[in-house]
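Student: query_29.tsv is the file, holding TSV, C-alpha atoms:
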```tsv
chain	number	residue	atom	x	y	z
A	30	MET	CA	-47.80	61.45	3.03
A	31	SER	CA	-51.03	60.78	4.92
A	32	THR	CA	-52.56	57.31	4.90
A	33	LYS	CA	-55.03	56.80	2.09
A	34	THR	CA	-58.59	55.68	2.80
A	35	VAL	CA	-60.51	53.01	0.92
A	36	LEU	CA	-64.14	52.04	1.49
A	37	ILE	CA	-65.02	48.45	0.62
A	38	THR	CA	-68.58	47.10	0.51
A	39	GLY	CA	-69.63	43.56	1.37
A	40	THR	CA	-66.76	42.68	3.70
A	41	SER	CA	-68.39	40.08	5.96
A	42	SER	CA	-67.00	37.20	3.87
A	43	GLY	CA	-65.31	36.15	0.65
A	44	ILE	CA	-63.59	38.64	-1.65
A	45	GLY	CA	-64.66	41.64	0.41
A	46	LEU	CA	-63.24	40.26	3.64
A	47	ALA	CA	-59.98	39.24	1.97
A	48	THR	CA	-59.66	42.63	0.24
A	49	ALA	CA	-60.23	44.55	3.45
A	50	VAL	CA	-57.42	42.63	5.19
A	51	ALA	CA	-55.08	42.82	2.18
A	52	ALA	CA	-55.61	46.57	1.77
A	53	ALA	CA	-54.96	47.15	5.46
A	54	ARG	CA	-51.75	45.14	5.23
A	55	ALA	CA	-50.74	47.32	2.26
A	56	GLY	CA	-51.06	50.42	4.46
A	57	TRP	CA	-54.56	51.65	3.61
A	58	HIS	CA	-57.02	52.93	6.17
A	59	VAL	CA	-59.85	50.51	5.44
A	60	ILE	CA	-63.50	51.31	6.00
A	61	ALA	CA	-64.99	47.83	5.85
A	62	THR	CA	-68.74	47.97	5.38
A	63	MET	CA	-71.48	45.37	5.59
A	64	ARG	CA	-75.24	45.31	5.94
A	65	ASP	CA	-75.16	43.67	9.38
A	66	THR	CA	-72.13	44.42	11.55
A	67	ALA	CA	-73.13	41.53	13.82
A	68	LYS	CA	-71.53	39.40	11.09
A	69	ALA	CA	-68.15	41.14	11.41
A	70	GLY	CA	-66.62	38.37	13.51
A	71	ALA	CA	-64.81	36.59	10.68
A	72	LEU	CA	-63.40	39.86	9.35
A	73	LEU	CA	-62.20	41.03	12.74
A	74	ALA	CA	-60.60	37.65	13.43
A	75	ALA	CA	-58.80	37.73	10.07
A	76	ALA	CA	-57.64	41.29	10.72
A	77	GLU	CA	-56.34	40.34	14.16
A	78	GLU	CA	-54.47	37.37	12.70
A	79	ALA	CA	-52.90	39.67	10.11
A	80	ALA	CA	-52.03	42.22	12.83
A	81	VAL	CA	-54.01	45.00	11.14
A	82	THR	CA	-57.05	47.07	12.03
A	83	VAL	CA	-60.13	47.81	9.97
A	84	ASP	CA	-62.90	50.35	10.58
A	85	VAL	CA	-66.17	48.36	10.43
A	86	ARG	CA	-69.29	50.34	9.56
A	87	THR	CA	-72.88	49.59	8.61
A	88	LEU	CA	-73.81	50.05	4.96
A	89	ASP	CA	-76.74	48.43	3.15
A	90	VAL	CA	-76.15	49.12	-0.54
A	91	THR	CA	-79.87	48.74	-1.31
A	92	ASP	CA	-80.85	51.46	1.20
A	93	PRO	CA	-80.05	55.00	0.02
A	94	ALA	CA	-80.42	56.34	3.56
A	95	SER	CA	-77.85	53.84	4.85
A	96	VAL	CA	-75.45	54.78	2.05
A	97	GLU	CA	-75.88	58.48	2.73
A	98	THR	CA	-75.32	58.04	6.46
A	99	CYS	CA	-72.15	56.02	5.94
A	100	LEU	CA	-70.60	58.30	3.33
A	101	ALA	CA	-71.64	61.55	5.03
A	102	GLY	CA	-69.27	60.81	7.89
A	103	LEU	CA	-66.18	60.77	5.66
A	104	ASP	CA	-63.86	63.75	5.28
A	105	ARG	CA	-61.73	62.04	2.64
A	106	LEU	CA	-61.97	59.02	0.39
A	107	ASP	CA	-59.18	57.92	-1.95
A	108	ALA	CA	-60.75	54.73	-3.30
A	109	LEU	CA	-64.00	52.81	-3.39
A	110	VAL	CA	-64.27	49.08	-3.99
A	111	ASN	CA	-67.83	48.09	-4.87
A	112	ASN	CA	-67.84	44.43	-3.88
A	113	ALA	CA	-71.21	43.74	-2.23
A	114	GLY	CA	-73.36	41.39	-4.28
A	115	ALA	CA	-75.52	38.30	-4.19
A	116	GLY	CA	-75.59	35.22	-6.36
A	117	HIS	CA	-78.80	33.92	-7.87
A	118	VAL	CA	-79.65	30.76	-9.80
A	119	GLY	CA	-82.97	30.44	-11.58
A	120	THR	CA	-84.81	30.77	-14.85
A	121	LEU	CA	-87.50	33.27	-15.73
A	122	GLU	CA	-90.46	30.95	-16.24
A	123	GLN	CA	-90.09	29.61	-12.72
A	124	GLU	CA	-89.54	32.85	-10.84
A	125	SER	CA	-91.23	36.20	-10.59
A	126	VAL	CA	-90.16	39.48	-12.08
A	127	GLU	CA	-89.90	40.66	-8.47
A	128	ASP	CA	-87.23	38.00	-7.90
A	129	VAL	CA	-85.27	39.39	-10.83
A	130	ARG	CA	-85.78	42.94	-9.62
A	131	ALA	CA	-84.34	42.00	-6.21
A	132	VAL	CA	-81.18	40.68	-7.88
A	133	MET	CA	-80.84	43.94	-9.81
A	134	GLU	CA	-81.31	45.98	-6.62
A	135	VAL	CA	-78.33	44.35	-4.92
A	136	ASN	CA	-75.98	43.81	-7.84
A	137	PHE	CA	-76.68	46.86	-9.97
A	138	PHE	CA	-78.59	49.62	-8.20
A	139	GLY	CA	-76.62	48.98	-5.00
A	140	VAL	CA	-73.43	49.75	-6.92
A	141	LEU	CA	-75.01	52.93	-8.27
A	142	HIS	CA	-76.17	54.14	-4.85
A	143	VAL	CA	-72.69	53.85	-3.36
A	144	THR	CA	-70.87	55.17	-6.43
A	145	LYS	CA	-73.05	58.27	-6.69
A	146	ALA	CA	-72.50	59.10	-3.03
A	147	ALA	CA	-68.74	58.52	-3.28
A	148	LEU	CA	-67.99	60.43	-6.48
A	149	PRO	CA	-67.71	63.92	-4.92
A	150	LEU	CA	-65.15	62.59	-2.43
A	151	LEU	CA	-63.27	60.72	-5.16
A	152	ARG	CA	-63.18	63.84	-7.31
A	153	ALA	CA	-61.67	65.78	-4.44
A	154	SER	CA	-58.91	63.21	-3.93
A	155	LYS	CA	-58.43	62.32	-7.63
A	156	GLY	CA	-59.22	58.83	-6.44
A	157	ARG	CA	-59.99	55.41	-7.78
A	158	LEU	CA	-63.28	53.55	-8.26
A	159	LEU	CA	-63.15	49.77	-8.64
A	160	THR	CA	-66.18	47.53	-9.02
A	161	VAL	CA	-66.08	43.76	-8.66
A	162	THR	CA	-68.21	42.35	-11.46
A	163	SER	CA	-67.69	38.86	-12.88
A	164	VAL	CA	-67.00	36.98	-16.07
A	165	GLY	CA	-70.80	36.71	-15.83
A	166	GLY	CA	-70.80	40.36	-16.85
A	167	VAL	CA	-69.12	39.37	-20.11
A	168	ILE	CA	-70.79	36.08	-21.03
A	169	GLY	CA	-74.38	35.16	-20.19
A	170	GLN	CA	-74.60	31.82	-18.41
A	171	PRO	CA	-77.41	29.26	-18.08
A	172	PHE	CA	-79.65	29.69	-15.02
A	173	ASN	CA	-77.86	32.96	-14.24
A	174	GLU	CA	-80.19	35.18	-16.24
A	175	ALA	CA	-80.88	37.76	-13.53
A	176	TYR	CA	-77.36	37.70	-12.12
A	177	CYS	CA	-75.69	38.09	-15.51
A	178	ALA	CA	-78.16	40.81	-16.50
A	179	ALA	CA	-77.15	42.78	-13.41
A	180	LYS	CA	-73.44	42.25	-14.05
A	181	PHE	CA	-73.82	43.15	-17.73
A	182	ALA	CA	-75.52	46.36	-16.58
A	183	VAL	CA	-72.70	47.17	-14.17
A	184	GLU	CA	-70.09	46.54	-16.87
A	185	GLY	CA	-71.85	48.82	-19.34
A	186	PHE	CA	-72.40	51.51	-16.76
A	187	MET	CA	-68.78	51.57	-15.61
A	188	GLU	CA	-67.36	51.35	-19.12
A	189	SER	CA	-69.48	54.36	-20.04
A	190	LEU	CA	-68.70	56.27	-16.84
A	191	ALA	CA	-64.92	55.74	-17.02
A	192	PRO	CA	-64.02	58.36	-19.66
A	193	VAL	CA	-66.38	60.91	-18.10
A	194	ALA	CA	-64.99	60.38	-14.59
A	195	ALA	CA	-61.45	60.55	-15.96
A	196	THR	CA	-62.01	64.18	-17.02
A	197	THR	CA	-62.30	64.99	-13.29
A	198	GLY	CA	-59.33	62.88	-12.24
A	199	VAL	CA	-61.21	59.78	-11.10
A	200	SER	CA	-59.96	56.41	-12.37
A	201	VAL	CA	-62.68	53.80	-12.96
A	202	GLY	CA	-62.13	50.07	-13.42
A	203	VAL	CA	-63.83	46.70	-13.14
A	204	ILE	CA	-62.55	43.48	-11.58
A	205	GLU	CA	-63.72	40.29	-13.29
A	206	PRO	CA	-63.15	37.08	-11.34
A	207	GLY	CA	-64.16	33.68	-12.60
A	208	ALA	CA	-65.02	30.93	-10.12
A	209	VAL	CA	-63.95	31.96	-6.61
A	210	ALA	CA	-63.99	29.73	-3.54
A	211	SER	CA	-66.12	31.73	-1.12
A	212	GLU	CA	-69.42	31.76	0.72
A	213	PHE	CA	-70.89	33.53	-2.32
A	214	VAL	CA	-71.45	30.12	-3.90
A	215	ALA	CA	-73.50	28.97	-0.94
A	216	ASN	CA	-75.71	32.07	-1.07
A	217	VAL	CA	-77.27	31.74	-4.50
A	218	GLY	CA	-80.72	31.08	-3.09
A	219	LEU	CA	-81.26	27.64	-4.63
A	220	PRO	CA	-83.57	25.51	-2.45
A	221	ASP	CA	-82.72	21.94	-1.52
A	222	ASP	CA	-85.56	20.62	-3.66
A	223	ALA	CA	-84.64	22.73	-6.70
A	224	LEU	CA	-84.33	19.75	-9.04
A	225	GLU	CA	-87.69	18.36	-7.96
A	226	GLN	CA	-89.27	21.75	-8.61
A	227	ALA	CA	-87.51	22.38	-11.94
A	228	GLY	CA	-90.06	20.51	-14.08
A	229	PRO	CA	-89.06	20.55	-17.75
A	230	TYR	CA	-85.80	22.32	-16.85
A	231	ALA	CA	-84.63	19.57	-14.47
A	232	PRO	CA	-82.21	17.82	-16.86
A	233	ALA	CA	-80.59	21.10	-17.85
A	234	LEU	CA	-80.37	22.31	-14.24
A	235	SER	CA	-78.83	19.02	-13.14
A	236	ALA	CA	-76.19	19.25	-15.84
A	237	TYR	CA	-75.50	22.88	-14.96
A	238	LEU	CA	-75.08	22.11	-11.26
A	239	ASP	CA	-72.72	19.24	-12.00
A	240	ARG	CA	-70.59	21.47	-14.20
A	241	THR	CA	-70.62	24.29	-11.64
A	242	ARG	CA	-69.53	22.04	-8.78
A	243	GLY	CA	-66.56	20.99	-10.89
A	244	ALA	CA	-65.67	24.58	-11.74
A	245	PHE	CA	-65.72	25.68	-8.11
A	246	ALA	CA	-63.72	22.66	-7.02
A	247	ASN	CA	-60.77	24.31	-8.79
A	248	ALA	CA	-61.73	27.89	-7.97
A	249	GLN	CA	-59.41	30.82	-7.40
A	250	THR	CA	-59.08	31.82	-3.76
A	251	ALA	CA	-60.60	35.02	-2.42
A	252	GLN	CA	-57.15	35.99	-1.13
A	253	ASP	CA	-55.71	35.77	-4.64
A	254	VAL	CA	-58.45	37.99	-6.02
A	255	ALA	CA	-57.91	40.43	-3.16
A	256	ALA	CA	-54.22	40.71	-4.00
A	257	ARG	CA	-55.09	41.64	-7.57
A	258	ILE	CA	-57.57	44.26	-6.35
A	259	VAL	CA	-54.96	45.87	-4.09
A	260	ASP	CA	-52.56	45.92	-7.04
A	261	GLN	CA	-55.18	47.86	-9.00
A	262	LEU	CA	-55.62	50.29	-6.12
A	263	THR	CA	-51.94	51.22	-6.27
A	264	ALA	CA	-51.04	50.81	-9.96
A	265	ASP	CA	-49.81	53.96	-11.72
A	266	ARG	CA	-51.83	53.21	-14.85
A	267	PRO	CA	-54.45	50.58	-14.01
A	268	ALA	CA	-56.27	48.87	-16.84
A	269	PHE	CA	-60.00	49.45	-17.04
A	270	ARG	CA	-60.66	45.70	-17.01
A	271	LEU	CA	-58.82	43.19	-14.83
A	272	LEU	CA	-59.52	39.49	-15.28
A	273	THR	CA	-58.18	37.91	-12.10
A	274	SER	CA	-57.02	34.46	-13.29
A	275	ASP	CA	-55.91	32.53	-16.33
A	276	ALA	CA	-59.24	30.69	-16.26
A	277	ALA	CA	-61.17	33.96	-16.26
A	278	ARG	CA	-59.07	35.30	-19.13
A	279	ALA	CA	-59.55	32.14	-21.19
A	280	PHE	CA	-63.30	32.21	-20.59
A	281	ALA	CA	-63.74	35.90	-21.38
A	282	ALA	CA	-61.51	35.60	-24.45
A	283	THR	CA	-64.30	33.76	-26.20
A	284	LYS	CA	-66.07	37.13	-26.38
A	285	LEU	CA	-63.45	39.78	-25.73
A	286	THR	CA	-60.44	40.47	-27.87
A	287	ASP	CA	-59.79	43.77	-26.11
A	288	LEU	CA	-58.86	42.16	-22.80
A	289	ASP	CA	-57.70	45.25	-20.91
A	290	GLY	CA	-60.39	47.57	-22.26
A	291	SER	CA	-57.85	50.00	-23.73
A	292	ALA	CA	-59.30	50.15	-27.24
A	293	VAL	CA	-62.82	51.00	-26.01
A	294	GLN	CA	-61.43	53.53	-23.56
A	295	ALA	CA	-59.36	55.20	-26.28
A	296	LEU	CA	-62.47	55.50	-28.45
A	297	THR	CA	-64.87	56.85	-25.83
A	298	THR	CA	-62.30	59.09	-24.17
A	299	ALA	CA	-62.00	60.91	-27.50
A	300	TRP	CA	-65.74	61.70	-27.34
A	301	VAL	CA	-65.29	63.81	-24.20
A	302	ALA	CA	-61.78	65.12	-24.78
A	303	GLY	CA	-63.11	68.42	-26.13
```
As structure tokens, what does this structure read like?
Tutor:
Amino acid sequence: MSTKTVLITGTSSGIGLATAVAAARAGWHVIATMRDTAKAGALLAAAEEAAVTVDVRTLDVTDPASVETCLAGLDRLDALVNNAGAGHVGTLEQESVEDVRAVMEVNFFGVLHVTKAALPLLRASKGRLLTVTSVGGVIGQPFNEAYCAAKFAVEGFMESLAPVAATTGVSVGVIEPGAVASEFVANVGLPDDALEQAGPYAPALSAYLDRTRGAFANAQTAQDVAARIVDQLTADRPAFRLLTSDAARAFAATKLTDLDGSAVQALTTAWVAG
């Protein structure tokens, strides 16, 4: 059997980097993409330490031309892991609609650009499409309005796409981590003087930041999340929804009783079963 190929977005750090290495160790041919390949040093060092190789390529999920160029060079694709994303902390009164739109471009439309380009290849291989979302795609969180809106949109899109894609042999699922110890936390775009600039929201923002620091002090590792993603890549019957830790499951359980998505999938699959 020939080696299967997986394309992973956002692999310069965090979950993406760990998933690229873990998938390569599991025997996958890994196309590890990132917006700026000059930042591939950490990934290449981790791959060398693990005694594996990864195929690093440029892909900016917000640039349709970049996506087309990257995907056009592939003869076969067995799996796609949409991981690229950006954190964002803020509240609407104190930011522009353009700020919110930028968050949506990376975290929602970026996923759509790559997914649309990959679907013909995934249909041909009867492959698997996994998208890293967040428990923030299940429960809206203070000062995460734009980020959670984007993740809610991704969740709804993929939940709706899954039964349609399944009629062509493509398996669709979402990965929902909770707090993860990675550089993602440091890249939420919050300025050093955020509290001073928060005005009437300063007390609430201070409390939120205190709570968040505590949550990430006990965060799941990126390597642990990556292991769960690789499990989903190879599972015979993967669940639509995978919550990656006990903490994530406990948090999401406040809203979800259908934790693996099977009830919704059974319902909507019947709509297209013919």
Student: My list of candidates is A:Ile60, A:Cys177, A:Ala292, A:Ala277. Which is closest to Val83 of chain A when distances are computed with only C-alpha atoms?
Tutor: A:Ile60
Student: Which is closer to Asn247 of chain A than all the others in A:Ser41, A:Thr162, A:Ser274, A:Gln226, using only C-alpha atoms?
Tutor: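 Result for the nearest residue to Asn247 of chain A: A:Ser274.
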Student: So, with only C-alpha atoms as the atoms that count, which of A:Arg130, A:Arg54, A:His117, A:Lys145 lies closest to Glu97 of chain A?
Tutor: A:Lys145
Student: So which residues touch Val254 of chain A within 9 Å, counting only C-alpha atoms, skipping near sequence neighbours fewer than 4 positions away, as a ChimeraX atom specification?
Tutor: /A:44,47-48,204,206,209,249-250,258-259,273-274
Student: Mind pulling up the distance from atom CA of Val110 of chain A to atom CA of Met133 of chain A?
Tutor: 18.3 Å
Student: Might you pull out every residue within 9 Å of Asp65 of chain A, with all atoms listed in the file counted and same-chain residues fewer than 4 positions away left off, and present them as a CSV table (one decimal) with C-alpha atoms, keeping the file's coordinate frame?
Tutor:
```
chain,number,residue,atom,x,y,z
A,41,SER,CA,-68.4,40.1,6.0
A,69,ALA,CA,-68.2,41.1,11.4
A,86,ARG,CA,-69.3,50.3,9.6
A,87,THR,CA,-72.9,49.6,8.6
A,88,LEU,CA,-73.8,50.0,5.0
A,89,ASP,CA,-76.7,48.4,3.2
```
Student: Within 10 Å of (-79.3, 29.2, -18.4) in the file's own coordinates, which protein, DNA or RNA residues have an atom, counting only C-alpha atoms? List them as a ChimeraX atom specification.
Tutor: /A:118-121,169-175,230,233-234,237
Student: With C-alpha atoms retained, write the just-selected residues as a compact mmCIF listing (two decimals), in the frame of the given file.
Tutor:
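That gives us selection00.txt:
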```txt
# COMPACT_ATOMS: atom_id res chain seq x y z
CA VAL A 118 -79.65 30.76 -9.80
CA GLY A 119 -82.97 30.44 -11.58
CA THR A 120 -84.81 30.77 -14.85
CA LEU A 121 -87.50 33.27 -15.73
CA GLY A 169 -74.38 35.16 -20.19
CA GLN A 170 -74.60 31.82 -18.41
CA PRO A 171 -77.41 29.26 -18.08
CA PHE A 172 -79.65 29.69 -15.02
CA ASN A 173 -77.86 32.96 -14.24
CA GLU A 174 -80.19 35.18 -16.24
CA ALA A 175 -80.88 37.76 -13.53
CA TYR A 230 -85.80 22.32 -16.85
CA ALA A 233 -80.59 21.10 -17.85
CA LEU A 234 -80.37 22.31 -14.24
CA TYR A 237 -75.50 22.88 -14.96
```
Student: Please list as a CSV table (one decimal) with C-alpha atoms, in the coordinates of the input every residue within 6 Å of Val201 of chain A, counting only C-alpha atoms and excluding residues in the same chain fewer than 6 positions away.
Tutor:
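The result, written out as part_3.csv:
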```
chain,number,residue,atom,x,y,z
A,158,LEU,CA,-63.3,53.6,-8.3
A,159,LEU,CA,-63.2,49.8,-8.6
A,191,ALA,CA,-64.9,55.7,-17.0
```
